[in-house]
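Novice: See work24.txt below, with compact mmCIF, C-alpha atoms and all ligand atoms.
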# COMPACT_ATOMS: atom_id res chain seq x y z
CA MET A 1 16.75 -16.61 5.48
CA ALA A 2 15.81 -18.24 2.18
CA GLN A 3 16.92 -21.75 1.50
CA GLU A 4 17.46 -23.12 -1.94
CA THR A 5 16.23 -26.69 -2.06
CA GLU A 6 17.34 -29.32 -4.61
CA ASN A 7 14.59 -28.18 -6.99
CA THR A 8 15.78 -24.60 -6.64
CA VAL A 9 12.56 -23.62 -4.96
CA TRP A 10 13.26 -20.75 -2.59
CA ASN A 11 11.54 -21.10 0.72
CA CYS A 12 10.42 -17.53 1.42
CA PRO A 13 9.04 -16.67 4.83
CA PHE A 14 9.54 -12.97 3.99
CA ASP A 15 9.31 -12.22 7.69
CA TYR A 16 12.25 -9.82 7.78
CA ALA A 17 11.42 -6.76 9.89
CA GLU A 18 14.70 -4.99 10.79
CA ALA A 19 13.81 -1.29 10.79
CA LEU A 20 13.57 -0.29 7.12
CA GLU A 21 16.47 -2.41 5.93
CA PHE A 22 15.98 -4.27 2.67
CA ASP A 23 15.00 -7.94 3.08
CA PRO A 24 18.17 -10.00 2.41
CA THR A 25 16.10 -12.87 0.95
CA LEU A 26 14.64 -10.59 -1.69
CA ARG A 27 18.06 -9.17 -2.43
CA ARG A 28 19.53 -12.64 -2.92
CA ILE A 29 16.71 -13.73 -5.22
CA MET A 30 16.97 -10.56 -7.29
CA THR A 31 20.73 -11.00 -7.66
CA GLU A 32 20.96 -14.76 -8.06
CA GLU A 33 17.77 -15.74 -9.86
CA PRO A 34 15.64 -12.81 -11.03
CA VAL A 35 12.79 -15.10 -12.05
CA ALA A 36 12.65 -17.69 -9.28
CA ARG A 37 10.45 -20.50 -8.01
CA ILE A 38 9.25 -19.70 -4.50
CA ARG A 39 7.22 -21.18 -1.69
CA LEU A 40 5.35 -18.80 0.64
CA PRO A 41 4.09 -19.24 4.21
CA TYR A 42 0.44 -19.93 3.16
CA GLY A 43 -1.41 -21.34 0.17
CA GLU A 44 -0.81 -24.40 -1.92
CA GLY A 45 2.17 -25.20 -4.08
CA GLU A 46 4.74 -22.94 -5.59
CA ALA A 47 4.77 -19.71 -7.54
CA TRP A 48 7.15 -17.68 -9.66
CA LEU A 49 8.68 -14.54 -8.25
CA VAL A 50 9.56 -11.90 -10.82
CA THR A 51 11.96 -9.27 -9.48
CA ARG A 52 13.39 -7.15 -12.33
CA TYR A 53 11.78 -3.82 -13.17
CA GLU A 54 11.25 -4.62 -16.86
CA ASP A 55 9.86 -8.09 -16.12
CA VAL A 56 7.54 -6.68 -13.44
CA ARG A 57 6.34 -4.20 -16.03
CA THR A 58 5.60 -7.03 -18.45
CA VAL A 59 3.66 -9.11 -15.91
CA THR A 60 1.59 -6.12 -14.78
CA THR A 61 0.69 -4.88 -18.26
CA ASP A 62 0.59 -7.97 -20.51
CA ARG A 63 -2.87 -9.53 -20.94
CA ARG A 64 -1.28 -12.98 -20.90
CA PHE A 65 -1.17 -12.60 -17.11
CA SER A 66 -4.56 -12.59 -15.41
CA ARG A 67 -5.57 -11.46 -11.95
CA HIS A 68 -9.03 -12.94 -12.28
CA ALA A 69 -7.66 -16.43 -12.85
CA ILE A 70 -6.51 -16.60 -9.19
CA VAL A 71 -10.15 -16.64 -8.00
CA GLY A 72 -10.93 -20.05 -6.54
CA ARG A 73 -7.26 -21.02 -6.21
CA ASP A 74 -5.50 -21.44 -2.88
CA PHE A 75 -2.66 -19.26 -4.17
CA PRO A 76 0.69 -18.93 -2.35
CA ARG A 77 0.49 -15.84 -0.14
CA MET A 78 1.66 -13.98 2.97
CA THR A 79 -1.45 -14.19 5.17
CA PRO A 80 -3.39 -17.27 6.35
CA GLU A 81 -6.67 -15.87 4.99
CA PRO A 82 -6.50 -14.08 1.63
CA ILE A 83 -7.11 -10.35 2.21
CA VAL A 84 -8.67 -9.90 -1.18
CA GLN A 85 -12.28 -10.83 -1.91
CA ASP A 86 -13.44 -12.56 -5.07
CA GLU A 87 -15.52 -9.61 -6.28
CA ALA A 88 -12.85 -6.98 -5.59
CA ILE A 89 -11.34 -4.70 -8.21
CA ASN A 90 -7.91 -6.12 -7.35
CA VAL A 91 -8.82 -9.44 -9.00
CA MET A 92 -10.58 -8.15 -12.10
CA ASP A 93 -9.06 -8.08 -15.55
CA PRO A 94 -9.83 -5.55 -18.24
CA PRO A 95 -12.41 -4.72 -19.43
CA ALA A 96 -14.32 -5.66 -16.23
CA ASN A 97 -12.24 -3.41 -13.99
CA SER A 98 -12.15 -0.48 -16.43
CA ARG A 99 -15.67 0.58 -15.50
CA LEU A 100 -14.92 0.51 -11.76
CA ARG A 101 -11.56 2.18 -12.18
CA SER A 102 -13.02 4.98 -14.19
CA LEU A 103 -15.69 5.58 -11.54
CA VAL A 104 -13.29 5.54 -8.61
CA SER A 105 -10.48 7.38 -10.31
CA LYS A 106 -12.83 10.30 -10.95
CA ALA A 107 -13.09 10.76 -7.21
CA PHE A 108 -9.31 10.76 -6.84
CA ALA A 109 -8.45 12.71 -9.96
CA PRO A 110 -5.83 15.41 -9.29
CA LYS A 111 -8.49 18.16 -9.43
CA GLN A 112 -10.66 16.45 -6.81
CA VAL A 113 -7.67 15.70 -4.64
CA GLU A 114 -6.52 19.30 -4.91
CA ARG A 115 -9.84 20.20 -3.30
CA MET A 116 -9.14 17.71 -0.51
CA ARG A 117 -5.76 19.31 0.09
CA THR A 118 -7.23 22.20 2.08
CA ARG A 119 -9.19 19.84 4.30
CA THR A 120 -6.19 17.52 4.69
CA GLN A 121 -4.02 20.46 5.73
CA HIS A 122 -6.63 21.51 8.24
CA VAL A 123 -6.65 18.01 9.80
CA VAL A 124 -2.82 17.98 9.92
CA ASP A 125 -2.79 21.38 11.67
CA GLU A 126 -5.37 20.30 14.22
CA LEU A 127 -3.56 17.05 14.98
CA LEU A 128 -0.23 18.81 15.45
CA ASP A 129 -1.83 21.52 17.63
CA ARG A 130 -3.01 18.73 19.88
CA MET A 131 0.46 17.15 19.98
CA VAL A 132 1.99 20.51 20.96
CA GLU A 133 -0.65 21.05 23.64
CA ASP A 134 0.17 17.65 25.16
CA GLY A 135 3.86 18.63 25.24
CA ALA A 136 7.07 16.89 24.19
CA PRO A 137 7.88 14.11 23.76
CA GLY A 138 5.04 13.27 21.41
CA ASP A 139 4.46 10.16 19.33
CA LEU A 140 4.23 10.99 15.62
CA MET A 141 2.58 7.66 14.95
CA GLU A 142 -0.22 8.19 17.44
CA ASN A 143 -0.60 11.93 16.93
CA LEU A 144 -0.30 12.27 13.17
CA ALA A 145 0.40 9.20 11.03
CA SER A 146 -2.34 7.06 12.53
CA PRO A 147 -5.30 9.49 12.62
CA LEU A 148 -4.67 11.48 9.41
CA PRO A 149 -5.37 8.88 6.67
CA LEU A 150 -8.22 7.26 8.61
CA THR A 151 -9.86 10.65 9.09
CA THR A 152 -9.33 11.58 5.44
CA ILE A 153 -10.71 8.39 3.89
CA CYS A 154 -13.60 8.24 6.38
CA GLU A 155 -14.53 11.79 5.44
CA VAL A 156 -14.39 10.85 1.76
CA LEU A 157 -16.69 7.87 2.47
CA ASP A 158 -18.69 9.77 5.14
CA ILE A 159 -18.22 7.21 7.90
CA PRO A 160 -19.36 8.42 11.32
CA GLU A 161 -16.55 9.20 13.73
CA ASP A 162 -17.54 6.66 16.38
CA GLU A 163 -17.44 3.77 13.87
CA ARG A 164 -13.95 4.46 12.50
CA ALA A 165 -11.84 2.73 15.14
CA GLN A 166 -13.75 -0.52 14.74
CA LEU A 167 -13.26 -0.46 10.98
CA ARG A 168 -9.55 0.11 11.43
CA HIS A 169 -9.45 -2.83 13.81
CA TYR A 170 -11.06 -5.12 11.21
CA ALA A 171 -8.59 -3.99 8.54
CA ARG A 172 -5.58 -4.56 10.79
CA THR A 173 -6.78 -8.00 11.80
CA MET A 174 -6.93 -8.94 8.13
CA MET A 175 -3.32 -7.86 7.49
CA ASN A 176 -1.86 -10.05 10.22
CA THR A 177 0.49 -12.76 8.96
CA SER A 178 0.32 -15.25 11.88
CA LEU A 179 -1.58 -18.50 11.56
CA ASP A 180 -3.15 -18.09 15.04
CA ASN A 181 -4.97 -15.13 13.64
CA LYS A 182 -6.80 -16.95 10.84
CA ASP A 183 -10.19 -17.27 12.59
CA ASN A 184 -10.08 -13.64 13.69
CA ALA A 185 -9.29 -12.57 10.14
CA ILE A 186 -12.21 -14.55 8.72
CA ARG A 187 -14.54 -13.03 11.31
CA ALA A 188 -13.21 -9.49 10.74
CA LYS A 189 -13.68 -9.82 6.99
CA ALA A 190 -17.28 -11.07 7.41
CA GLU A 191 -18.20 -8.37 9.94
CA MET A 192 -16.70 -5.62 7.84
CA ARG A 193 -18.60 -6.88 4.85
CA GLU A 194 -21.84 -6.86 6.82
CA TYR A 195 -21.15 -3.29 7.93
CA PHE A 196 -20.57 -2.10 4.35
CA THR A 197 -23.51 -4.07 2.92
CA GLU A 198 -25.79 -2.17 5.25
CA LEU A 199 -24.10 1.18 4.72
CA THR A 200 -24.08 0.95 0.93
CA ALA A 201 -27.77 -0.04 0.86
CA ARG A 202 -28.60 3.05 2.93
CA ARG A 203 -26.55 5.29 0.66
CA ARG A 204 -28.22 3.85 -2.42
CA GLN A 205 -31.63 4.76 -0.97
CA ASP A 206 -30.63 8.07 0.46
CA PRO A 207 -27.50 9.33 -1.29
CA GLY A 208 -25.34 12.08 0.17
CA GLU A 209 -22.26 13.94 -1.03
CA ASP A 210 -19.78 11.16 -0.26
CA LEU A 211 -17.87 8.75 -2.53
CA ILE A 212 -20.02 5.70 -1.68
CA SER A 213 -23.13 7.64 -2.73
CA ALA A 214 -21.35 8.79 -5.88
CA LEU A 215 -20.43 5.19 -6.71
CA ALA A 216 -23.94 3.97 -5.81
CA THR A 217 -25.59 6.37 -8.22
CA ALA A 218 -22.90 6.61 -10.90
CA ARG A 219 -23.64 5.29 -14.35
CA VAL A 220 -21.23 4.21 -16.99
CA GLY A 221 -23.40 3.87 -20.07
CA ASP A 222 -26.46 1.98 -18.83
CA GLU A 223 -24.71 0.23 -16.01
CA VAL A 224 -24.63 0.85 -12.28
CA LEU A 225 -22.58 -1.07 -9.72
CA ASP A 226 -24.49 -4.00 -8.23
CA GLU A 227 -24.77 -4.46 -4.46
CA LYS A 228 -21.82 -6.79 -4.12
CA GLU A 229 -19.53 -4.66 -6.28
CA LEU A 230 -20.43 -1.57 -4.35
CA THR A 231 -19.95 -3.19 -0.95
CA VAL A 232 -16.60 -4.68 -1.86
CA MET A 233 -15.38 -1.45 -3.49
CA ALA A 234 -16.19 0.49 -0.32
CA MET A 235 -14.29 -2.12 1.70
CA VAL A 236 -11.27 -1.97 -0.60
CA LEU A 237 -11.16 1.81 -0.27
CA LEU A 238 -11.35 1.65 3.48
CA ILE A 239 -8.81 -1.15 3.81
CA THR A 240 -6.24 0.14 1.35
CA GLY A 241 -6.95 3.82 1.80
CA GLN A 242 -5.67 4.30 5.30
CA ASP A 243 -3.13 1.90 6.76
CA THR A 244 -0.69 2.10 3.85
CA THR A 245 -0.64 5.87 4.10
CA THR A 246 -0.33 5.76 7.89
CA TYR A 247 2.70 3.52 7.66
CA GLU A 248 4.29 5.54 4.89
CA ILE A 249 3.89 8.82 6.81
CA ALA A 250 5.69 7.13 9.72
CA ASN A 251 8.33 5.48 7.52
CA LEU A 252 9.15 8.64 5.62
CA SER A 253 9.30 10.67 8.85
CA TYR A 254 11.64 8.09 10.38
CA THR A 255 13.83 8.13 7.26
CA LEU A 256 14.17 11.92 7.39
CA LEU A 257 14.76 12.03 11.13
CA THR A 258 17.57 9.48 10.88
CA ARG A 259 19.34 11.20 7.94
CA PRO A 260 20.61 14.61 9.06
CA LYS A 261 22.10 15.53 5.68
CA GLU A 262 18.90 14.94 3.75
CA LEU A 263 16.81 16.57 6.47
CA ALA A 264 19.00 19.71 6.45
CA MET A 265 18.78 19.87 2.66
CA LEU A 266 14.98 19.77 2.77
CA ARG A 267 14.83 22.41 5.48
CA GLN A 268 16.86 24.67 3.22
CA HIS A 269 14.93 23.77 0.07
CA PRO A 270 11.35 22.95 1.02
CA GLU A 271 10.38 23.16 -2.65
CA ALA A 272 12.32 19.89 -3.14
CA LEU A 273 9.88 17.98 -0.91
CA PRO A 274 7.67 16.45 -3.65
CA GLN A 275 10.67 14.93 -5.41
CA ALA A 276 12.18 13.82 -2.10
CA ILE A 277 8.91 12.05 -1.25
CA GLU A 278 9.01 10.16 -4.56
CA GLU A 279 12.57 9.06 -3.84
CA MET A 280 11.72 7.94 -0.30
CA LEU A 281 8.72 6.01 -1.66
CA ARG A 282 11.09 4.23 -4.04
CA PHE A 283 13.76 3.57 -1.46
CA ILE A 284 11.75 2.39 1.54
CA PRO A 285 10.68 -1.28 1.54
CA PHE A 286 7.09 -0.47 2.48
CA ARG A 287 5.82 -4.01 2.88
CA LYS A 288 6.95 -7.57 3.43
CA GLY A 289 7.28 -9.95 0.50
CA VAL A 290 4.58 -9.88 -2.14
CA GLY A 291 0.91 -9.00 -2.67
CA ILE A 292 -1.71 -10.51 -4.96
CA PRO A 293 -0.35 -12.74 -7.75
CA ARG A 294 -1.46 -13.36 -11.33
CA VAL A 295 -1.84 -16.50 -13.42
CA ALA A 296 -0.09 -16.99 -16.77
CA LEU A 297 -2.76 -17.72 -19.40
CA GLU A 298 -0.20 -19.07 -21.86
CA ASP A 299 3.48 -19.92 -21.86
CA VAL A 300 5.58 -16.75 -21.53
CA GLU A 301 9.34 -16.31 -21.45
CA LEU A 302 10.78 -13.79 -19.00
CA SER A 303 14.53 -13.19 -18.61
CA GLY A 304 15.23 -16.54 -20.26
CA VAL A 305 12.83 -18.51 -18.02
CA THR A 306 9.69 -20.14 -19.39
CA ILE A 307 6.60 -19.59 -17.28
CA ARG A 308 3.99 -22.19 -18.15
CA ALA A 309 0.29 -21.55 -18.74
CA GLY A 310 -1.54 -21.96 -15.42
CA ASP A 311 1.47 -21.04 -13.25
CA ILE A 312 1.00 -18.51 -10.47
CA VAL A 313 3.22 -15.45 -10.79
CA HIS A 314 4.10 -12.94 -8.07
CA VAL A 315 5.95 -9.72 -8.77
CA SER A 316 8.07 -7.74 -6.33
CA TYR A 317 7.61 -3.98 -6.49
CA LEU A 318 10.27 -3.76 -3.79
CA THR A 319 13.04 -5.32 -5.88
CA ALA A 320 11.90 -3.46 -9.01
CA ASN A 321 12.49 -0.26 -7.04
CA ARG A 322 16.09 -1.37 -6.41
CA ASP A 323 16.88 -2.66 -9.90
CA GLY A 324 20.36 -1.43 -10.88
CA GLU A 325 19.44 -1.60 -14.56
CA LYS A 326 16.83 1.12 -14.05
CA PHE A 327 18.21 3.13 -11.15
CA ASP A 328 21.76 4.34 -10.86
CA ARG A 329 23.14 3.44 -7.37
CA PRO A 330 19.78 1.87 -6.46
CA ASP A 331 20.60 1.38 -2.77
CA GLU A 332 21.33 5.05 -2.22
CA LEU A 333 18.70 7.54 -1.14
CA ASP A 334 19.27 10.46 -3.50
CA PHE A 335 16.84 13.37 -3.45
CA SER A 336 18.18 14.72 -6.72
CA ARG A 337 17.19 11.53 -8.55
CA GLU A 338 14.88 12.07 -11.50
CA GLY A 339 13.60 9.94 -14.32
CA THR A 340 12.32 6.39 -13.91
CA SER A 341 9.12 6.08 -11.87
CA HIS A 342 9.11 3.87 -8.79
CA MET A 343 6.65 1.00 -8.39
CA THR A 344 5.53 1.56 -4.82
CA PHE A 345 2.00 2.23 -6.04
CA GLY A 346 2.11 -0.83 -8.28
CA TRP A 347 2.05 -0.70 -12.07
CA GLY A 348 -0.26 -1.25 -15.02
CA GLY A 349 -3.95 -2.06 -14.78
CA HIS A 350 -3.93 -2.26 -10.97
CA HIS A 351 -1.86 0.82 -10.24
CA CYS A 352 -3.03 2.36 -6.96
CA LEU A 353 -6.17 4.43 -7.45
CA GLY A 354 -5.54 6.45 -4.31
CA ALA A 355 -1.96 7.48 -5.13
CA PRO A 356 -2.81 11.19 -5.66
CA LEU A 357 -4.55 11.27 -2.29
CA ALA A 358 -1.68 9.44 -0.55
CA ILE A 359 0.83 11.88 -2.04
CA THR A 360 -1.23 14.85 -0.89
CA GLU A 361 -1.36 13.48 2.64
CA LEU A 362 2.38 12.81 2.67
CA GLN A 363 3.19 16.27 1.34
CA SER A 364 0.91 17.92 3.82
CA ALA A 365 2.14 15.89 6.82
CA LEU A 366 5.87 16.10 6.09
CA GLY A 367 5.74 19.67 4.80
CA THR A 368 4.04 20.84 7.99
CA LEU A 369 6.45 18.94 10.23
CA LEU A 370 9.41 20.60 8.49
CA ARG A 371 7.88 24.07 8.55
CA ARG A 372 6.49 24.03 12.01
CA PHE A 373 9.21 22.20 13.94
CA PRO A 374 12.69 23.40 12.89
CA GLU A 375 14.24 21.38 15.74
CA LEU A 376 12.22 18.18 15.32
CA ARG A 377 14.20 15.03 16.22
CA LEU A 378 13.72 11.51 17.53
CA ALA A 379 13.29 11.38 21.30
CA LYS A 380 15.35 8.18 21.55
CA PRO A 381 18.18 6.58 19.58
CA ALA A 382 17.03 5.08 16.26
CA GLU A 383 18.09 1.59 17.44
CA GLU A 384 15.49 1.77 20.22
CA ILE A 385 12.55 2.33 17.87
CA ARG A 386 10.42 -0.82 17.82
CA TRP A 387 9.04 -2.18 14.57
CA ASN A 388 5.96 -4.15 13.68
CA THR A 389 6.78 -7.80 13.02
CA THR A 390 3.36 -9.39 12.49
CA SER A 391 1.78 -7.43 9.64
CA ILE A 392 2.46 -7.55 5.91
CA TRP A 393 3.32 -3.84 6.26
CA ARG A 394 6.57 -2.53 7.68
CA TYR A 395 6.39 0.38 10.10
CA PRO A 396 7.49 1.64 13.52
CA LEU A 397 5.11 0.89 16.39
CA ALA A 398 5.77 4.34 17.80
CA LEU A 399 7.83 7.31 16.68
CA PRO A 400 8.60 9.45 19.75
CA VAL A 401 9.87 12.93 18.92
CA VAL A 402 10.86 16.16 20.65
CA TRP A 403 10.89 19.64 19.08
C1 LIG A 501 1.33 5.50 0.52
C2 LIG A 501 0.16 4.90 0.49
C3 LIG A 501 -0.23 3.82 -0.48
C4 LIG A 501 0.53 2.85 -1.05
C5 LIG A 501 2.01 2.56 -0.82
C6 LIG A 501 -0.34 2.09 -1.93
C7 LIG A 501 0.07 1.02 -2.71
C8 LIG A 501 -0.75 0.28 -3.51
C9 LIG A 501 -0.34 -0.89 -4.24
C10 LIG A 501 1.07 -1.48 -4.25
C11 LIG A 501 -1.43 -1.35 -4.92
C12 LIG A 501 -1.58 -2.64 -5.66
C13 LIG A 501 -1.04 -2.80 -6.99
C14 LIG A 501 -1.35 -4.21 -7.49
O1 LIG A 501 -2.44 -4.76 -7.24
O2 LIG A 501 -0.49 -4.75 -8.13
C15 LIG A 501 -2.55 -0.48 -4.59
C16 LIG A 501 -3.82 -0.65 -5.08
C17 LIG A 501 -4.89 0.11 -4.70
N1 LIG A 501 -4.87 1.20 -3.86
FE1 LIG A 501 -3.22 1.99 -2.96
N2 LIG A 501 -1.59 2.61 -1.87
C18 LIG A 501 -1.58 3.68 -1.00
C19 LIG A 501 -2.66 4.50 -0.67
C20 LIG A 501 -3.94 4.35 -1.14
C21 LIG A 501 -5.06 5.21 -0.82
C22 LIG A 501 -4.98 6.46 0.05
C23 LIG A 501 -6.16 4.69 -1.45
C24 LIG A 501 -7.60 5.15 -1.48
C25 LIG A 501 -8.04 6.25 -1.10
C26 LIG A 501 -5.74 3.52 -2.19
C27 LIG A 501 -6.57 2.74 -2.96
C28 LIG A 501 -6.15 1.68 -3.73
C29 LIG A 501 -7.05 0.86 -4.55
C30 LIG A 501 -8.56 1.04 -4.70
C31 LIG A 501 -6.27 -0.13 -5.16
C32 LIG A 501 -6.73 -1.23 -6.09
C33 LIG A 501 -6.50 -0.86 -7.53
C34 LIG A 501 -6.82 -1.99 -8.49
O3 LIG A 501 -6.61 -3.18 -8.17
O4 LIG A 501 -7.27 -1.69 -9.60
N3 LIG A 501 -4.38 3.33 -1.97
N4 LIG A 501 -2.10 0.52 -3.75
Any chance you could put this one into structure tokens?

Specialist:
Amino acid sequence: MAQETENTVWNCPFDYAEALEFDPTLRRIMTEEPVARIRLPYGEGEAWLVTRYEDVRTVTTDRRFSRHAIVGRDFPRMTPEPIVQDEAINVMDPPANSRLRSLVSKAFAPKQVERMRTRTQHVVDELLDRMVEDGAPGDLMENLASPLPLTTICEVLDIPEDERAQLRHYARTMMNTSLDNKDNAIRAKAEMREYFTELTARRRQDPGEDLISALATARVGDEVLDEKELTVMAMVLLITGQDTTTYEIANLSYTLLTRPKELAMLRQHPEALPQAIEEMLRFIPFRKGVGIPRVALEDVELSGVTIRAGDIVHVSYLTANRDGEKFDRPDELDFSREGTSHMTFGWGGHHCLGAPLAITELQSALGTLLRRFPELRLAKPAEEIRWNTTSIWRYPLALPVVW
């Protein structure tokens, strides 16, 4: 639970992991002090936490807030070792990131992703065939949510099958929030970087049809990506391109399987699935706490609070998604909700590049589950589902189902 100290600095462990309930600390901050001073488990000093939708929009779009200015600072964060690397797209400001974003977004443009849809559906069908062959009960996490995004992104990057599990292991080690894990995280990050340095060099010399080759040979004007940029971009895609989607497939499945009314509605109206997915993405607190912050380059006032030049600023996409000023009855899951976009894929210059791919995977996975298993249900009471407590992501460890 958060404590307010004399200086009104909220001590924020953000370690809440009760199923998919909303973190009470975040709720209190949003209600009591929408722009608050916070202290996080790791990193030096304090930061601001901005929680209202409109203020989050300002911080993520206004050039007075810089991502690049965090490089070299021991910024307040959730993990002992920063996940992000200094050369990564996540810490670039415009115009530096525009070149990279335009290259990568081409690969995930709706038309490209539409082409991946057929392949994604094929993988979903194969995975579910296997689950059926093994017989009920089956674990949706192990049989579907876990392998689908890893397979998809590894196919996009053309990573050999026998190297995929190791890469996933590196990524998961880096997401761990416990201090004991710091040395492992540093090692995992270094080993993954070595792997991608070698792979990207090979692709540069001998390009194939994959996204790394496309990035290695792509030109924007006269420029190509240098070795470091290419290596780190490939790492970012692998790290962010699979686990988030895995956890969201599991979280959305759990949400449907524990809400009979909404599930029945979708079974009757499968055409409503895309909108229902958007609403579940808004509603589900998909991660713990906060991600990568920004630095204010000059004094800025937000909701009556002055943020000073040089201050570190975190935003919460989770609270923005539950802001009563933007969403009517924000704590209700309502599949008929339309209008304001959620912020689960971030906002502004760092909005998720893989969102179209993630949506395709979610539509394919959930759509097939609904179509193929009219009797699908949890194999144990919801209260017995166990949840991850050590990662920045929130998700069930297993999701046993019968059909
Ligand atoms: C449901 C699944 C996913 C969720 C919830 C998600 C969410 C996010 C969020 C919150 C951000 C950061 C916004 C910020 O920095 O403020 C982000 C960035 C990013 N995501 Fe995703 N993501 C998902 C799937 C994917 C996939 C499948 C890929 C790649 C294939 C991907 C690639 C990226 C990249 C490259 C960035 C960095 C963009 C930048 O900093 O310019 N993500 N994502």

Novice: Using only C-alpha atoms, pick whichever of A:Gly138, A:Pro94, A:Pro80, A:Gly324 has the shortest atom-to-atom distance to Asn181 of chain A.

Specialist: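 Looking only at the distances to Asn181 of chain A, the closest residue turns out to be A:Pro80.
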
Novice: Given the point (15.3, -10.4, -1.6) in the file's coordinates, find the residues that have an atom at most 10 Å from it, counting only C-alpha atoms, and give them as JSON, numbers by chain.

Specialist: {"A": [1, 2, 12, 14, 16, 22, 23, 24, 25, 26, 27, 28, 29, 30, 31, 32, 34, 51, 289, 316, 318, 319]}

Novice: Residues of chain A that have any atom at most 6 Å from an atom of ligand LIG 501 (chain A): could you tabulate them with the shortest-distance atom pair and the distance in Å to one decimal, using all atoms listed in the file, ordered by chain and increasing number, as JSON lines?

Specialist:
{"residue": "A:Ile89", "atom": "CA", "partner": "A:LIG501", "partner_atom": "O3", "distance": 5.0}
{"residue": "A:Asn90", "atom": "CA", "partner": "A:LIG501", "partner_atom": "O3", "distance": 3.3}
{"residue": "A:Val236", "atom": "CA", "partner": "A:LIG501", "partner_atom": "C30", "distance": 5.8}
{"residue": "A:Leu237", "atom": "CA", "partner": "A:LIG501", "partner_atom": "C24", "distance": 5.0}
{"residue": "A:Thr240", "atom": "CA", "partner": "A:LIG501", "partner_atom": "C26", "distance": 4.9}
{"residue": "A:Gly241", "atom": "CA", "partner": "A:LIG501", "partner_atom": "C23", "distance": 3.5}
{"residue": "A:Gln242", "atom": "CA", "partner": "A:LIG501", "partner_atom": "C22", "distance": 5.7}
{"residue": "A:Thr244", "atom": "CA", "partner": "A:LIG501", "partner_atom": "C2", "distance": 4.5}
{"residue": "A:Thr245", "atom": "CA", "partner": "A:LIG501", "partner_atom": "C2", "distance": 3.8}
{"residue": "A:Glu248", "atom": "CA", "partner": "A:LIG501", "partner_atom": "C1", "distance": 5.3}
{"residue": "A:Thr344", "atom": "CA", "partner": "A:LIG501", "partner_atom": "C5", "distance": 5.4}
{"residue": "A:Phe345", "atom": "CA", "partner": "A:LIG501", "partner_atom": "C7", "distance": 4.0}
{"residue": "A:Gly346", "atom": "CA", "partner": "A:LIG501", "partner_atom": "C13", "distance": 3.9}
{"residue": "A:His350", "atom": "CA", "partner": "A:LIG501", "partner_atom": "O4", "distance": 3.7}
{"residue": "A:His351", "atom": "CA", "partner": "A:LIG501", "partner_atom": "C13", "distance": 4.9}
{"residue": "A:Cys352", "atom": "CA", "partner": "A:LIG501", "partner_atom": "C16", "distance": 3.6}
{"residue": "A:Leu353", "atom": "CA", "partner": "A:LIG501", "partner_atom": "C28", "distance": 4.6}
{"residue": "A:Gly354", "atom": "CA", "partner": "A:LIG501", "partner_atom": "C23", "distance": 3.4}
{"residue": "A:Ala355", "atom": "CA", "partner": "A:LIG501", "partner_atom": "C19", "distance": 5.4}
{"residue": "A:Leu357", "atom": "CA", "partner": "A:LIG501", "partner_atom": "C22", "distance": 5.4}
{"residue": "A:Ala358", "atom": "CA", "partner": "A:LIG501", "partner_atom": "C22", "distance": 4.5}

Novice: Using all atoms listed in the file for the distances, tell me which of A:Ala19, A:Leu140, A:Leu179, A:Val91 is nearest to Ala69 of chain A.

Specialist: A:Val91

Novice: Pick from A:Ile277, A:Ala171, A:Leu376, A:Leu103: nearest to Met233 of chain A, with all atoms listed in the file counted?

Specialist: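 When distances to Met233 of chain A are compared using all atoms listed in the file, the smallest one comes from A:Leu103.
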
Novice: Find, counting all atoms listed in the file, the residue in A:Lys106, A:His122, A:Arg168, A:His269 that gets nearest to Ala214 of chain A.

Specialist: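 Selected residue with least distance to Ala214 of chain A: A:Lys106.
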
Novice: Would you mind telling me which residue in A:Glu198, A:Asp129, A:Asp311, A:Asp243 lies nearest to Phe373 of chain A when using all atoms listed in the file?

Specialist: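 Under the stated criterion, the closest residue is A:Asp129.
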
Novice: Give the padded box for segment 97-105 of chain A as JSON: axis-aligned, covering all atoms listed in the file, 4 Å on each side, centre and edge lengths in Å to one decimal.

Specialist:
{"center_x": -13.1, "center_y": 2.0, "center_z": -12.5, "size_x": 13.2, "size_y": 18.8, "size_z": 15.8}

Novice: Can you measure atom CA of Arg308 of chain A to atom CA of Phe75 of chain A for me? One decimal in Å is fine.

Specialist: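 Answer for the atom CA of Arg308 of chain A to atom CA of Phe75 of chain A separation: 15.8 Å.
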
Novice: For each of A:Val104, A:Ala398, A:Leu199, A:Val300, take the minimum atom-to-atom distance to Arg63 of chain A, counting only C-alpha atoms, then give the residue where this is smallest.

Specialist: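 Among A:Val104, A:Ala398, A:Leu199, A:Val300, it is A:Val300 that comes nearest to Arg63 of chain A.
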